[in-house]
Every structure is written in C-alpha cells, then in structure tokens.
Amino acid sequence: MRRPFVAGNWKMNLDLARGRELVGAICAGVKSASRVDVAVCPPYVYLASIAEVTRGSAVVVGSQDVYYESQGAFTGEVSAAMLADVGAQYVIIGHSERRHTIGHLEDDRMINLKVRATRRAGLVPILCIGETLSERKSSQTLDVLTYQVRAGLVGVTLDRPEQLVIAYEPVWAIGTGEVATPEQAQEAHAHTRSELRAVLGSVGDEIRILYGGSMKPDNAAVLLAQPDVDGGLIGGASLKADSFLGIVSAAVAATA
Ligand code: 13P
C-alpha cells in the first residue's frame with residue numbers, strides 16, 4: 001500500500017506569528033510514529049521560519065511554486081536550490097490558481113521546466129493537474145489529465161516513487177465547497193495512474209496521487225477509501241489545526 005500523504009497549501013494566508021502557531025500545533029498533533037507523511041506549504045517569505053518550527057518533528061515543509069532557472073537576472077523569482085537551502089522538501093507546481101487565475105498563465109511547458117528543476121535540486125515536485133468545469137461538462141476530463149501528465153513529465157525520470165507526487169485538483173472543486181464524488185475522484189486518479197505507468201513504467205504504481213478540492217475532515221474518509229486516492233492537498237481546511245489534523249487522522253485510519 002502507498003503511504004498516505006497530507007499536505008496543506010496555505011496559499012496567501014496567515015501572518016508569520018499565526019503560521020508559526022499553526023505549524024506548532026500541527027507538529028504536536030502529528031505523532032512521529034503515525035503512518036502518514038505530512039507537509040505544510042507556507043508562502044515563500046515564511047518558509048525558513050516555519051521550517052525551523054518543524055525541526056525534530058514528523059512534519060516537513062514545501063513551497064507553493066519555484067522558478068526553473070538555477071540563478072541569474074530573474075527579479076522576484078526563487079530557485080529550487082534556494083528552497084532546499086531554507087529547508088523545503090516539496091514544491092507545489094502547476095497549481096490551477098497559477099495556471100488559470102493569477103495572471104501568470106503558466107503553461108505546461110513552463111510547468112515541465114519547473115518539475116525538472118525541482119528534481120535536479122533533489123526536491124519532490126507535487127505536480128497539480130485537473131480539469132475546469134467547462135472541460136468536465138464537455139467530457140474532456142480524462143483527455144486533459146492525459147495531456148497535463150504527459151506534458152508535465154517530459155524528460156522526467158525517477159529512481160524511486162517518492163521522488164514525485166501528483167495532485168488531482170478539479171478546478172471547479174477548489175475553494176468552492178463543492179467536492180468531487182468518490183467515484184469521480186477514483187476515475188480521475190485511476191486514469192492518472194495509467195498515464196503515469198505509460199510514461200514512467202511500473203514505478204507509476206507506487207507514486208502517490210493526492211486529491212485536492214474542498215477536502216474537509218467530514219468528507220476525507222470516503223475519498224481516502226478510494227483505491228487510487230493516496231492523500232490530500234488541502235487549502236482552506238489546512239489553515240486551522242483541528243481541521244487539518246482531522247484530515248491527517250482520516251488518512252491514518254485509511255491505512256488500518
Ligand atoms: P480548498 O481545499 O480550499 O478547496 O483548496 C484546494 C487547493 O487548491 C489545494 O491546493
């Protein structure tokens with residue numbers, strides 16, 4: 001069985017004091033012996049400080065983005081090596097808010113360069129994929145996932161399955177309170193896994209595929225019970241210790 005992974009994407013929320021308090025409570029609530037991996041992904045400027053709070057705990061930190069060049073005249077950008085330097089272990093790449101809403105309009109080519117740069121620096125990409133509402137309504141969901149997986153992973157090779165995480169985040173379920181049904185999630189995850197197998201070989205069977213989109217403590221168990229749902233990428237519910245830890249507990253229970 002794949003070891004579940006629950007990651008909190010704080011997006012552009014909290015301040016430093018509240019972030020440190022939150023991660024302290026999460027570290028206290030996640031027992032080192034628990035059977036899941038747990039990460040929090042704060043804004044860049046808080047990464048080093050939040051990583052310091054997690055030291056010695058079972059919780060690790062990730063960033064919400066990265067730039068694909070290693071250094072140079074790229075004002076405002078941050079390289080994967082810089083993220084590693086301040087203690088990040090994971091990097092969210094291609095989040096739908098960056099693909100569609102922030103105005104950077106990241107395309108799959110740029111996302112692929114970011115995945116490769118992240119791997120080169122020894123960090124683990126969390127590659128986000130997912131269809132918009134209009135794509136779902138026009139029955140394009142599986143084609144979109146195929147394209148995003150294949151384009152995102154061009155030139156990527158793995159020695160071990162832990163070196164890559166995929167997050168299936170249906171755009172229509174993000175921050176809306178509308179959650180994919182367990183059947184919709186399983187269909188998307190199983191399809192994604194077959195694409196991973198086609199691109200990467202049998203290691204695709206062991207790569208964790210997280211669900212993201214209005215996952216909460218009260219709907220986590222049914223989603224995590226699906227055979228190809230290996231954890232969650234959590235937005236709103238990651239901003240409070242009790243709701244985030246509730247999802248971590250559901251992931252622990254799913255391993256029983
Ligand atoms: P919500 O959990 O707030 O829907 O956000 C999901 C998400 O975008 C995680 O990356």
# chains A, B, ... in the order shown; residues from 1 in each chain; ligands from 1
>>> residues_around(residues="A:Ala25", least_positions_apart="3", cutoff="10 Å", atoms="only C-alpha atoms", output="PyMOL selection string")
chain A and resi 19-22+28-30+240-242+245
>>> residues_around(residues="stretch 181-188 of chain A", least_positions_apart="5", cutoff="7 Å", atoms="only C-alpha atoms", output="ChimeraX atom specification")
/A:142,222-223,226,228-229
>>> residues_near_ligand(ligand="ligand 1", cutoff="9 Å", atoms="only C-alpha atoms and all ligand atoms", output="PDB file with N, CA, C and O atoms, in the first residue's frame")
ATOM      1  N   ALA A   7      -0.882  17.198   2.613  1.00  0.00           N
ATOM      2  CA  ALA A   7      -0.123  18.451   2.521  1.00  0.00           C
ATOM      3  C   ALA A   7      -1.086  19.631   2.596  1.00  0.00           C
ATOM      4  O   ALA A   7      -2.146  19.619   1.963  1.00  0.00           O
ATOM      5  N   GLY A   8      -0.710  20.628   3.374  1.00  0.00           N
ATOM      6  CA  GLY A   8      -1.508  21.847   3.475  1.00  0.00           C
ATOM      7  C   GLY A   8      -0.935  22.924   2.576  1.00  0.00           C
ATOM      8  O   GLY A   8       0.259  23.237   2.656  1.00  0.00           O
ATOM      9  N   ASN A   9      -1.774  23.460   1.708  1.00  0.00           N
ATOM     10  CA  ASN A   9      -1.375  24.584   0.859  1.00  0.00           C
ATOM     11  C   ASN A   9      -1.992  25.835   1.467  1.00  0.00           C
ATOM     12  O   ASN A   9      -3.187  26.072   1.326  1.00  0.00           O
ATOM     13  N   TRP A  10      -1.152  26.610   2.149  1.00  0.00           N
ATOM     14  CA  TRP A  10      -1.673  27.789   2.861  1.00  0.00           C
ATOM     15  C   TRP A  10      -2.045  28.915   1.903  1.00  0.00           C
ATOM     16  O   TRP A  10      -2.664  29.888   2.294  1.00  0.00           O
ATOM     17  N   LYS A  11      -1.613  28.824   0.665  1.00  0.00           N
ATOM     18  CA  LYS A  11      -1.836  29.894  -0.324  1.00  0.00           C
ATOM     19  C   LYS A  11      -1.361  31.225   0.282  1.00  0.00           C
ATOM     20  O   LYS A  11      -0.367  31.222   1.018  1.00  0.00           O
ATOM     21  N   GLN A  64       5.115  26.792  -2.549  1.00  0.00           N
ATOM     22  CA  GLN A  64       3.927  26.825  -3.412  1.00  0.00           C
ATOM     23  C   GLN A  64       4.274  27.020  -4.877  1.00  0.00           C
ATOM     24  O   GLN A  64       3.392  27.001  -5.738  1.00  0.00           O
ATOM     25  N   ILE A  92       5.055  22.602  -4.712  1.00  0.00           N
ATOM     26  CA  ILE A  92       3.812  22.543  -5.486  1.00  0.00           C
ATOM     27  C   ILE A  92       4.077  23.208  -6.844  1.00  0.00           C
ATOM     28  O   ILE A  92       4.601  24.327  -6.896  1.00  0.00           O
ATOM     29  N   HIS A  95      -0.157  24.654  -9.846  1.00  0.00           N
ATOM     30  CA  HIS A  95      -1.468  24.796  -9.189  1.00  0.00           C
ATOM     31  C   HIS A  95      -2.423  25.545 -10.120  1.00  0.00           C
ATOM     32  O   HIS A  95      -2.011  26.454 -10.839  1.00  0.00           O
ATOM     33  N   SER A  96      -3.694  25.189 -10.058  1.00  0.00           N
ATOM     34  CA  SER A  96      -4.646  25.782 -11.011  1.00  0.00           C
ATOM     35  C   SER A  96      -4.736  27.289 -10.849  1.00  0.00           C
ATOM     36  O   SER A  96      -5.016  27.999 -11.814  1.00  0.00           O
ATOM     37  N   GLU A  97      -4.490  27.789  -9.627  1.00  0.00           N
ATOM     38  CA  GLU A  97      -4.538  29.250  -9.478  1.00  0.00           C
ATOM     39  C   GLU A  97      -3.405  29.906 -10.249  1.00  0.00           C
ATOM     40  O   GLU A  97      -3.528  31.056 -10.681  1.00  0.00           O
ATOM     41  N   CYS A 128       0.435  19.505  -9.983  1.00  0.00           N
ATOM     42  CA  CYS A 128      -1.025  19.629  -9.923  1.00  0.00           C
ATOM     43  C   CYS A 128      -1.623  19.542 -11.322  1.00  0.00           C
ATOM     44  O   CYS A 128      -1.139  20.187 -12.264  1.00  0.00           O
ATOM     45  N   ALA A 167      -1.018  15.788  -7.735  1.00  0.00           N
ATOM     46  CA  ALA A 167      -2.246  16.212  -7.053  1.00  0.00           C
ATOM     47  C   ALA A 167      -3.326  16.413  -8.109  1.00  0.00           C
ATOM     48  O   ALA A 167      -3.167  17.264  -9.003  1.00  0.00           O
ATOM     49  N   GLU A 169      -6.568  18.029  -8.797  1.00  0.00           N
ATOM     50  CA  GLU A 169      -7.395  19.082  -8.221  1.00  0.00           C
ATOM     51  C   GLU A 169      -8.380  19.578  -9.284  1.00  0.00           C
ATOM     52  O   GLU A 169      -8.016  20.431 -10.110  1.00  0.00           O
ATOM     53  N   PRO A 170      -9.606  19.045  -9.277  1.00  0.00           N
ATOM     54  CA  PRO A 170     -10.591  19.559 -10.227  1.00  0.00           C
ATOM     55  C   PRO A 170     -10.839  21.039  -9.936  1.00  0.00           C
ATOM     56  O   PRO A 170     -11.141  21.408  -8.793  1.00  0.00           O
ATOM     57  N   VAL A 171     -10.652  21.881 -10.939  1.00  0.00           N
ATOM     58  CA  VAL A 171     -10.653  23.329 -10.707  1.00  0.00           C
ATOM     59  C   VAL A 171     -11.988  23.787 -10.096  1.00  0.00           C
ATOM     60  O   VAL A 171     -12.024  24.658  -9.233  1.00  0.00           O
ATOM     61  N   TRP A 172     -13.081  23.138 -10.491  1.00  0.00           N
ATOM     62  CA  TRP A 172     -14.408  23.520 -10.033  1.00  0.00           C
ATOM     63  C   TRP A 172     -14.639  23.172  -8.555  1.00  0.00           C
ATOM     64  O   TRP A 172     -15.614  23.619  -7.959  1.00  0.00           O
ATOM     65  N   ALA A 173     -13.741  22.389  -7.967  1.00  0.00           N
ATOM     66  CA  ALA A 173     -13.908  21.986  -6.560  1.00  0.00           C
ATOM     67  C   ALA A 173     -12.997  22.766  -5.623  1.00  0.00           C
ATOM     68  O   ALA A 173     -13.062  22.582  -4.414  1.00  0.00           O
ATOM     69  N   ILE A 174     -12.157  23.653  -6.178  1.00  0.00           N
ATOM     70  CA  ILE A 174     -11.178  24.338  -5.340  1.00  0.00           C
ATOM     71  C   ILE A 174     -11.790  25.571  -4.708  1.00  0.00           C
ATOM     72  O   ILE A 174     -12.216  26.497  -5.403  1.00  0.00           O
ATOM     73  N   GLY A 175     -11.859  25.567  -3.389  1.00  0.00           N
ATOM     74  CA  GLY A 175     -12.352  26.725  -2.652  1.00  0.00           C
ATOM     75  C   GLY A 175     -13.830  26.988  -2.849  1.00  0.00           C
ATOM     76  O   GLY A 175     -14.327  28.053  -2.483  1.00  0.00           O
ATOM     77  N   THR A 176     -14.548  26.035  -3.405  1.00  0.00           N
ATOM     78  CA  THR A 176     -15.966  26.248  -3.707  1.00  0.00           C
ATOM     79  C   THR A 176     -16.880  25.535  -2.722  1.00  0.00           C
ATOM     80  O   THR A 176     -18.084  25.770  -2.716  1.00  0.00           O
ATOM     81  N   GLY A 177     -16.334  24.617  -1.941  1.00  0.00           N
ATOM     82  CA  GLY A 177     -17.168  23.791  -1.073  1.00  0.00           C
ATOM     83  C   GLY A 177     -17.773  22.623  -1.829  1.00  0.00           C
ATOM     84  O   GLY A 177     -18.367  21.722  -1.243  1.00  0.00           O
ATOM     85  N   GLU A 178     -17.602  22.640  -3.145  1.00  0.00           N
ATOM     86  CA  GLU A 178     -18.114  21.534  -3.953  1.00  0.00           C
ATOM     87  C   GLU A 178     -16.991  20.505  -4.090  1.00  0.00           C
ATOM     88  O   GLU A 178     -15.883  20.840  -4.518  1.00  0.00           O
ATOM     89  N   VAL A 179     -17.272  19.273  -3.715  1.00  0.00           N
ATOM     90  CA  VAL A 179     -16.212  18.267  -3.698  1.00  0.00           C
ATOM     91  C   VAL A 179     -16.524  17.205  -4.748  1.00  0.00           C
ATOM     92  O   VAL A 179     -17.689  16.929  -5.036  1.00  0.00           O
ATOM     93  N   TYR A 211      -5.727  13.938  -3.711  1.00  0.00           N
ATOM     94  CA  TYR A 211      -6.921  14.657  -4.163  1.00  0.00           C
ATOM     95  C   TYR A 211      -6.905  16.050  -3.522  1.00  0.00           C
ATOM     96  O   TYR A 211      -6.601  16.193  -2.332  1.00  0.00           O
ATOM     97  N   GLY A 212      -7.290  17.070  -4.277  1.00  0.00           N
ATOM     98  CA  GLY A 212      -7.411  18.422  -3.718  1.00  0.00           C
ATOM     99  C   GLY A 212      -8.653  19.094  -4.261  1.00  0.00           C
ATOM    100  O   GLY A 212      -8.950  19.011  -5.463  1.00  0.00           O
ATOM    101  N   GLY A 213      -9.382  19.769  -3.382  1.00  0.00           N
ATOM    102  CA  GLY A 213     -10.608  20.465  -3.796  1.00  0.00           C
ATOM    103  C   GLY A 213     -11.672  20.272  -2.741  1.00  0.00           C
ATOM    104  O   GLY A 213     -12.397  19.283  -2.751  1.00  0.00           O
ATOM    105  N   SER A 214     -11.699  21.225  -1.776  1.00  0.00           N
ATOM    106  CA  SER A 214     -12.711  21.212  -0.710  1.00  0.00           C
ATOM    107  C   SER A 214     -12.676  19.926   0.116  1.00  0.00           C
ATOM    108  O   SER A 214     -13.713  19.451   0.574  1.00  0.00           O
ATOM    109  N   MET A 215     -11.485  19.355   0.298  1.00  0.00           N
ATOM    110  CA  MET A 215     -11.385  18.210   1.214  1.00  0.00           C
ATOM    111  C   MET A 215     -11.440  18.735   2.642  1.00  0.00           C
ATOM    112  O   MET A 215     -10.781  19.717   2.990  1.00  0.00           O
ATOM    113  N   LYS A 216     -12.294  18.096   3.452  1.00  0.00           N
ATOM    114  CA  LYS A 216     -12.515  18.505   4.850  1.00  0.00           C
ATOM    115  C   LYS A 216     -12.502  17.245   5.709  1.00  0.00           C
ATOM    116  O   LYS A 216     -12.637  16.128   5.180  1.00  0.00           O
ATOM    117  N   GLY A 232      -4.219  13.939   0.461  1.00  0.00           N
ATOM    118  CA  GLY A 232      -4.908  15.163   0.080  1.00  0.00           C
ATOM    119  C   GLY A 232      -3.981  16.360   0.017  1.00  0.00           C
ATOM    120  O   GLY A 232      -2.981  16.435   0.750  1.00  0.00           O
ATOM    121  N   LEU A 233      -4.302  17.286  -0.892  1.00  0.00           N
ATOM    122  CA  LEU A 233      -3.670  18.607  -0.915  1.00  0.00           C
ATOM    123  C   LEU A 233      -4.765  19.567  -0.475  1.00  0.00           C
ATOM    124  O   LEU A 233      -5.764  19.759  -1.183  1.00  0.00           O
ATOM    125  N   ILE A 234      -4.579  20.153   0.711  1.00  0.00           N
ATOM    126  CA  ILE A 234      -5.665  20.812   1.414  1.00  0.00           C
ATOM    127  C   ILE A 234      -5.465  22.320   1.408  1.00  0.00           C
ATOM    128  O   ILE A 234      -4.393  22.800   1.792  1.00  0.00           O
ATOM    129  N   GLY A 235      -6.482  23.054   0.999  1.00  0.00           N
ATOM    130  CA  GLY A 235      -6.424  24.518   1.031  1.00  0.00           C
ATOM    131  C   GLY A 235      -7.052  25.039   2.315  1.00  0.00           C
ATOM    132  O   GLY A 235      -6.439  25.049   3.377  1.00  0.00           O
ATOM    133  N   GLY A 236      -8.312  25.443   2.223  1.00  0.00           N
ATOM    134  CA  GLY A 236      -8.989  26.096   3.351  1.00  0.00           C
ATOM    135  C   GLY A 236      -8.870  25.344   4.670  1.00  0.00           C
ATOM    136  O   GLY A 236      -8.581  25.951   5.721  1.00  0.00           O
ATOM    137  N   ALA A 237      -9.059  24.036   4.629  1.00  0.00           N
ATOM    138  CA  ALA A 237      -9.042  23.260   5.879  1.00  0.00           C
ATOM    139  C   ALA A 237      -7.633  23.074   6.444  1.00  0.00           C
ATOM    140  O   ALA A 237      -7.482  22.505   7.524  1.00  0.00           O
ATOM    141  N   SER A 238      -6.616  23.565   5.734  1.00  0.00           N
ATOM    142  CA  SER A 238      -5.254  23.450   6.288  1.00  0.00           C
ATOM    143  C   SER A 238      -4.893  24.657   7.145  1.00  0.00           C
ATOM    144  O   SER A 238      -3.816  24.706   7.731  1.00  0.00           O
TER     145      SER A 238
END
>>> closest_residue(among="A:Ser79, A:Tyr67, A:Leu127, A:Gly72", to="A:Ile93", atoms="only C-alpha atoms")
A:Leu127
>>> closest_residue(among="A:Ala251, A:Gly130, A:Lys137, A:Gly231", to="A:His191", atoms="only C-alpha atoms")
A:Gly130
>>> closest_residue(among="A:Thr132, A:Val60, A:Ala253, A:Arg2", to="A:Thr101", atoms="only C-alpha atoms")
A:Thr132
>>> closest_residue(among="A:Gln148, A:Asn13, A:Thr141, A:Ser194", to="A:Ile129", atoms="only C-alpha atoms")
A:Gln148
>>> atom_distance(atom1="atom CA of A:Arg193", atom2="atom CA of A:Val91")
20.2 Å
>>> closest_residue(among="A:Met12, A:Leu83, A:Ile247, A:Val59", to="A:Leu224", atoms="only C-alpha atoms")
A:Ile247
>>> closest_residue(among="A:Ser70, A:Ser57, A:Thr118, A:Ser243", to="A:Ala88", atoms="only C-alpha atoms")
A:Thr118
>>> residues_around(residues="A:Val53", least_positions_apart="2", cutoff="8 Å", atoms="only C-alpha atoms", output="PyMOL selection string")
chain A and resi 20+23-24+49-51+55
>>> write_last_selection(atoms="N, CA and C atoms", output="compact mmCIF listing (two decimals), in the first residue's frame")
# COMPACT_ATOMS: atom_id res chain seq x y z
N ARG A 20 3.38 30.28 12.52
CA ARG A 20 4.24 29.51 13.45
C ARG A 20 3.39 28.80 14.50
N VAL A 23 1.66 25.78 12.74
CA VAL A 23 2.53 24.64 12.45
C VAL A 23 2.99 23.98 13.75
N GLY A 24 3.12 24.77 14.80
CA GLY A 24 3.47 24.19 16.10
C GLY A 24 2.39 23.23 16.58
N SER A 49 11.30 30.24 8.48
CA SER A 49 10.83 30.31 9.86
C SER A 49 9.92 29.13 10.21
N ILE A 50 9.06 28.76 9.28
CA ILE A 50 8.16 27.62 9.53
C ILE A 50 8.98 26.32 9.56
N ALA A 51 9.98 26.22 8.70
CA ALA A 51 10.83 25.02 8.70
C ALA A 51 11.54 24.87 10.04
N ARG A 55 11.44 21.54 12.87
CA ARG A 55 12.64 20.74 13.09
C ARG A 55 12.45 19.72 14.23
>>> select_by_dssp(residues="stretch 4-249 of chain A", states="strand (DSSP E or B)", output="PyMOL selection string")
chain A and resi 5-9+37-41+59-63+67+79+88-93+124-129+165-168+208-211+231-234
>>> residues_around(residues="A:Thr157", least_positions_apart="3", cutoff="12 Å", atoms="only C-alpha atoms", output="ChimeraX atom specification")
/A:115-116,119-120,152-154,160-161,163-164,196,199-201,203-204
>>> select_by_dssp(residues="stretch 66-238 of chain A", states="alpha helix (DSSP H)", output="PyMOL selection string")
chain A and resi 80-85+96+108-120+133-137+141-152+182-200+217-224
>>> atom_distance(atom1="atom CA of A:Ile207", atom2="atom CA of A:Tyr147")
17.9 Å
>>> residues_around(residues="A:Asp230", least_positions_apart="3", cutoff="8 Å", atoms="only C-alpha atoms", output="number ranges by chain")
A: 2-5, 208-211, 224, 227
>>> residues_around(residues="A:Leu47", least_positions_apart="6", cutoff="10 Å", atoms="only C-alpha atoms", output="compact mmCIF listing (two decimals) with C-alpha atoms, in the first residue's frame")
# COMPACT_ATOMS: atom_id res chain seq x y z
CA LEU A 16 4.19 34.83 10.49
CA GLY A 19 1.70 30.48 10.79
CA VAL A 40 2.74 22.35 5.11
CA CYS A 41 3.38 24.79 2.27
CA VAL A 61 7.67 21.97 4.60
CA GLY A 62 7.12 22.63 0.93
CA SER A 63 6.83 25.74 -1.21
CA LEU A 83 14.13 26.42 -1.46
CA VAL A 86 15.85 27.01 3.67
CA GLY A 87 14.60 23.50 4.38
CA ALA A 88 11.85 22.87 1.83
>>> decode(residues="stretch 78-91 of chain A", atoms="all heavy atoms", output="PDB file, in the first residue's frame")
ATOM      1  N   VAL A  78      12.480  32.615  -7.356  1.00  0.00           N
ATOM      2  CA  VAL A  78      13.186  31.830  -6.341  1.00  0.00           C
ATOM      3  C   VAL A  78      13.536  30.471  -6.959  1.00  0.00           C
ATOM      4  O   VAL A  78      12.674  29.816  -7.555  1.00  0.00           O
ATOM      5  CB  VAL A  78      12.276  31.632  -5.094  1.00  0.00           C
ATOM      6  CG1 VAL A  78      12.918  30.685  -4.098  1.00  0.00           C
ATOM      7  CG2 VAL A  78      11.972  32.975  -4.436  1.00  0.00           C
ATOM      8  N   SER A  79      14.800  30.065  -6.825  1.00  0.00           N
ATOM      9  CA  SER A  79      15.212  28.790  -7.444  1.00  0.00           C
ATOM     10  C   SER A  79      14.948  27.612  -6.515  1.00  0.00           C
ATOM     11  O   SER A  79      14.776  27.770  -5.295  1.00  0.00           O
ATOM     12  CB  SER A  79      16.706  28.827  -7.774  1.00  0.00           C
ATOM     13  OG  SER A  79      17.460  28.718  -6.581  1.00  0.00           O
ATOM     14  N   ALA A  80      14.992  26.414  -7.086  1.00  0.00           N
ATOM     15  CA  ALA A  80      14.792  25.203  -6.287  1.00  0.00           C
ATOM     16  C   ALA A  80      15.914  25.038  -5.263  1.00  0.00           C
ATOM     17  O   ALA A  80      15.669  24.603  -4.132  1.00  0.00           O
ATOM     18  CB  ALA A  80      14.719  23.990  -7.215  1.00  0.00           C
ATOM     19  N   ALA A  81      17.144  25.396  -5.641  1.00  0.00           N
ATOM     20  CA  ALA A  81      18.257  25.278  -4.684  1.00  0.00           C
ATOM     21  C   ALA A  81      18.040  26.216  -3.488  1.00  0.00           C
ATOM     22  O   ALA A  81      18.386  25.879  -2.353  1.00  0.00           O
ATOM     23  CB  ALA A  81      19.575  25.606  -5.377  1.00  0.00           C
ATOM     24  N   MET A  82      17.477  27.400  -3.752  1.00  0.00           N
ATOM     25  CA  MET A  82      17.192  28.324  -2.635  1.00  0.00           C
ATOM     26  C   MET A  82      16.145  27.718  -1.702  1.00  0.00           C
ATOM     27  O   MET A  82      16.231  27.847  -0.479  1.00  0.00           O
ATOM     28  CB  MET A  82      16.693  29.664  -3.177  1.00  0.00           C
ATOM     29  CG  MET A  82      17.751  30.462  -3.907  1.00  0.00           C
ATOM     30  SD  MET A  82      16.976  31.884  -4.726  1.00  0.00           S
ATOM     31  CE  MET A  82      18.431  32.611  -5.477  1.00  0.00           C
ATOM     32  N   LEU A  83      15.163  27.055  -2.291  1.00  0.00           N
ATOM     33  CA  LEU A  83      14.131  26.418  -1.463  1.00  0.00           C
ATOM     34  C   LEU A  83      14.742  25.305  -0.613  1.00  0.00           C
ATOM     35  O   LEU A  83      14.443  25.178   0.579  1.00  0.00           O
ATOM     36  CB  LEU A  83      13.020  25.849  -2.351  1.00  0.00           C
ATOM     37  CG  LEU A  83      12.231  26.894  -3.139  1.00  0.00           C
ATOM     38  CD1 LEU A  83      11.274  26.219  -4.111  1.00  0.00           C
ATOM     39  CD2 LEU A  83      11.459  27.805  -2.183  1.00  0.00           C
ATOM     40  N   ALA A  84      15.621  24.518  -1.224  1.00  0.00           N
ATOM     41  CA  ALA A  84      16.288  23.453  -0.466  1.00  0.00           C
ATOM     42  C   ALA A  84      17.119  24.055   0.662  1.00  0.00           C
ATOM     43  O   ALA A  84      17.159  23.530   1.778  1.00  0.00           O
ATOM     44  CB  ALA A  84      17.167  22.629  -1.405  1.00  0.00           C
ATOM     45  N   ASP A  85      17.740  25.190   0.359  1.00  0.00           N
ATOM     46  CA  ASP A  85      18.615  25.856   1.319  1.00  0.00           C
ATOM     47  C   ASP A  85      17.876  26.242   2.600  1.00  0.00           C
ATOM     48  O   ASP A  85      18.446  26.221   3.694  1.00  0.00           O
ATOM     49  CB  ASP A  85      19.154  27.119   0.618  1.00  0.00           C
ATOM     50  CG  ASP A  85      20.459  27.593   1.184  1.00  0.00           C
ATOM     51  OD1 ASP A  85      21.082  26.818   1.926  1.00  0.00           O
ATOM     52  OD2 ASP A  85      20.843  28.740   0.882  1.00  0.00           O
ATOM     53  N   VAL A  86      16.603  26.599   2.479  1.00  0.00           N
ATOM     54  CA  VAL A  86      15.852  27.013   3.675  1.00  0.00           C
ATOM     55  C   VAL A  86      15.002  25.863   4.236  1.00  0.00           C
ATOM     56  O   VAL A  86      14.175  26.070   5.116  1.00  0.00           O
ATOM     57  CB  VAL A  86      14.974  28.262   3.436  1.00  0.00           C
ATOM     58  CG1 VAL A  86      15.848  29.465   3.109  1.00  0.00           C
ATOM     59  CG2 VAL A  86      13.933  28.033   2.351  1.00  0.00           C
ATOM     60  N   GLY A  87      15.215  24.660   3.725  1.00  0.00           N
ATOM     61  CA  GLY A  87      14.602  23.505   4.376  1.00  0.00           C
ATOM     62  C   GLY A  87      13.375  22.928   3.699  1.00  0.00           C
ATOM     63  O   GLY A  87      12.742  22.021   4.236  1.00  0.00           O
ATOM     64  N   ALA A  88      13.017  23.442   2.518  1.00  0.00           N
ATOM     65  CA  ALA A  88      11.851  22.868   1.832  1.00  0.00           C
ATOM     66  C   ALA A  88      12.196  21.484   1.274  1.00  0.00           C
ATOM     67  O   ALA A  88      13.326  21.237   0.847  1.00  0.00           O
ATOM     68  CB  ALA A  88      11.407  23.774   0.691  1.00  0.00           C
ATOM     69  N   GLN A  89      11.217  20.597   1.292  1.00  0.00           N
ATOM     70  CA  GLN A  89      11.415  19.266   0.708  1.00  0.00           C
ATOM     71  C   GLN A  89      10.481  19.013  -0.474  1.00  0.00           C
ATOM     72  O   GLN A  89      10.749  18.154  -1.301  1.00  0.00           O
ATOM     73  CB  GLN A  89      11.200  18.194   1.777  1.00  0.00           C
ATOM     74  CG  GLN A  89      12.227  18.300   2.897  1.00  0.00           C
ATOM     75  CD  GLN A  89      12.141  17.158   3.895  1.00  0.00           C
ATOM     76  OE1 GLN A  89      11.664  16.078   3.590  1.00  0.00           O
ATOM     77  NE2 GLN A  89      12.590  17.416   5.097  1.00  0.00           N
ATOM     78  N   TYR A  90       9.370  19.726  -0.509  1.00  0.00           N
ATOM     79  CA  TYR A  90       8.389  19.559  -1.585  1.00  0.00           C
ATOM     80  C   TYR A  90       8.159  20.899  -2.281  1.00  0.00           C
ATOM     81  O   TYR A  90       8.359  21.963  -1.677  1.00  0.00           O
ATOM     82  CB  TYR A  90       7.044  19.082  -1.021  1.00  0.00           C
ATOM     83  CG  TYR A  90       7.080  17.661  -0.498  1.00  0.00           C
ATOM     84  CD1 TYR A  90       7.366  17.390   0.838  1.00  0.00           C
ATOM     85  CD2 TYR A  90       6.820  16.589  -1.346  1.00  0.00           C
ATOM     86  CE1 TYR A  90       7.406  16.090   1.319  1.00  0.00           C
ATOM     87  CE2 TYR A  90       6.846  15.278  -0.879  1.00  0.00           C
ATOM     88  CZ  TYR A  90       7.141  15.041   0.455  1.00  0.00           C
ATOM     89  OH  TYR A  90       7.176  13.743   0.916  1.00  0.00           O
ATOM     90  N   VAL A  91       7.704  20.846  -3.521  1.00  0.00           N
ATOM     91  CA  VAL A  91       7.376  22.060  -4.270  1.00  0.00           C
ATOM     92  C   VAL A  91       6.071  21.822  -5.035  1.00  0.00           C
ATOM     93  O   VAL A  91       6.004  20.923  -5.883  1.00  0.00           O
ATOM     94  CB  VAL A  91       8.482  22.425  -5.289  1.00  0.00           C
ATOM     95  CG1 VAL A  91       8.114  23.719  -6.021  1.00  0.00           C
ATOM     96  CG2 VAL A  91       9.835  22.560  -4.610  1.00  0.00           C
TER      97      VAL A  91
END
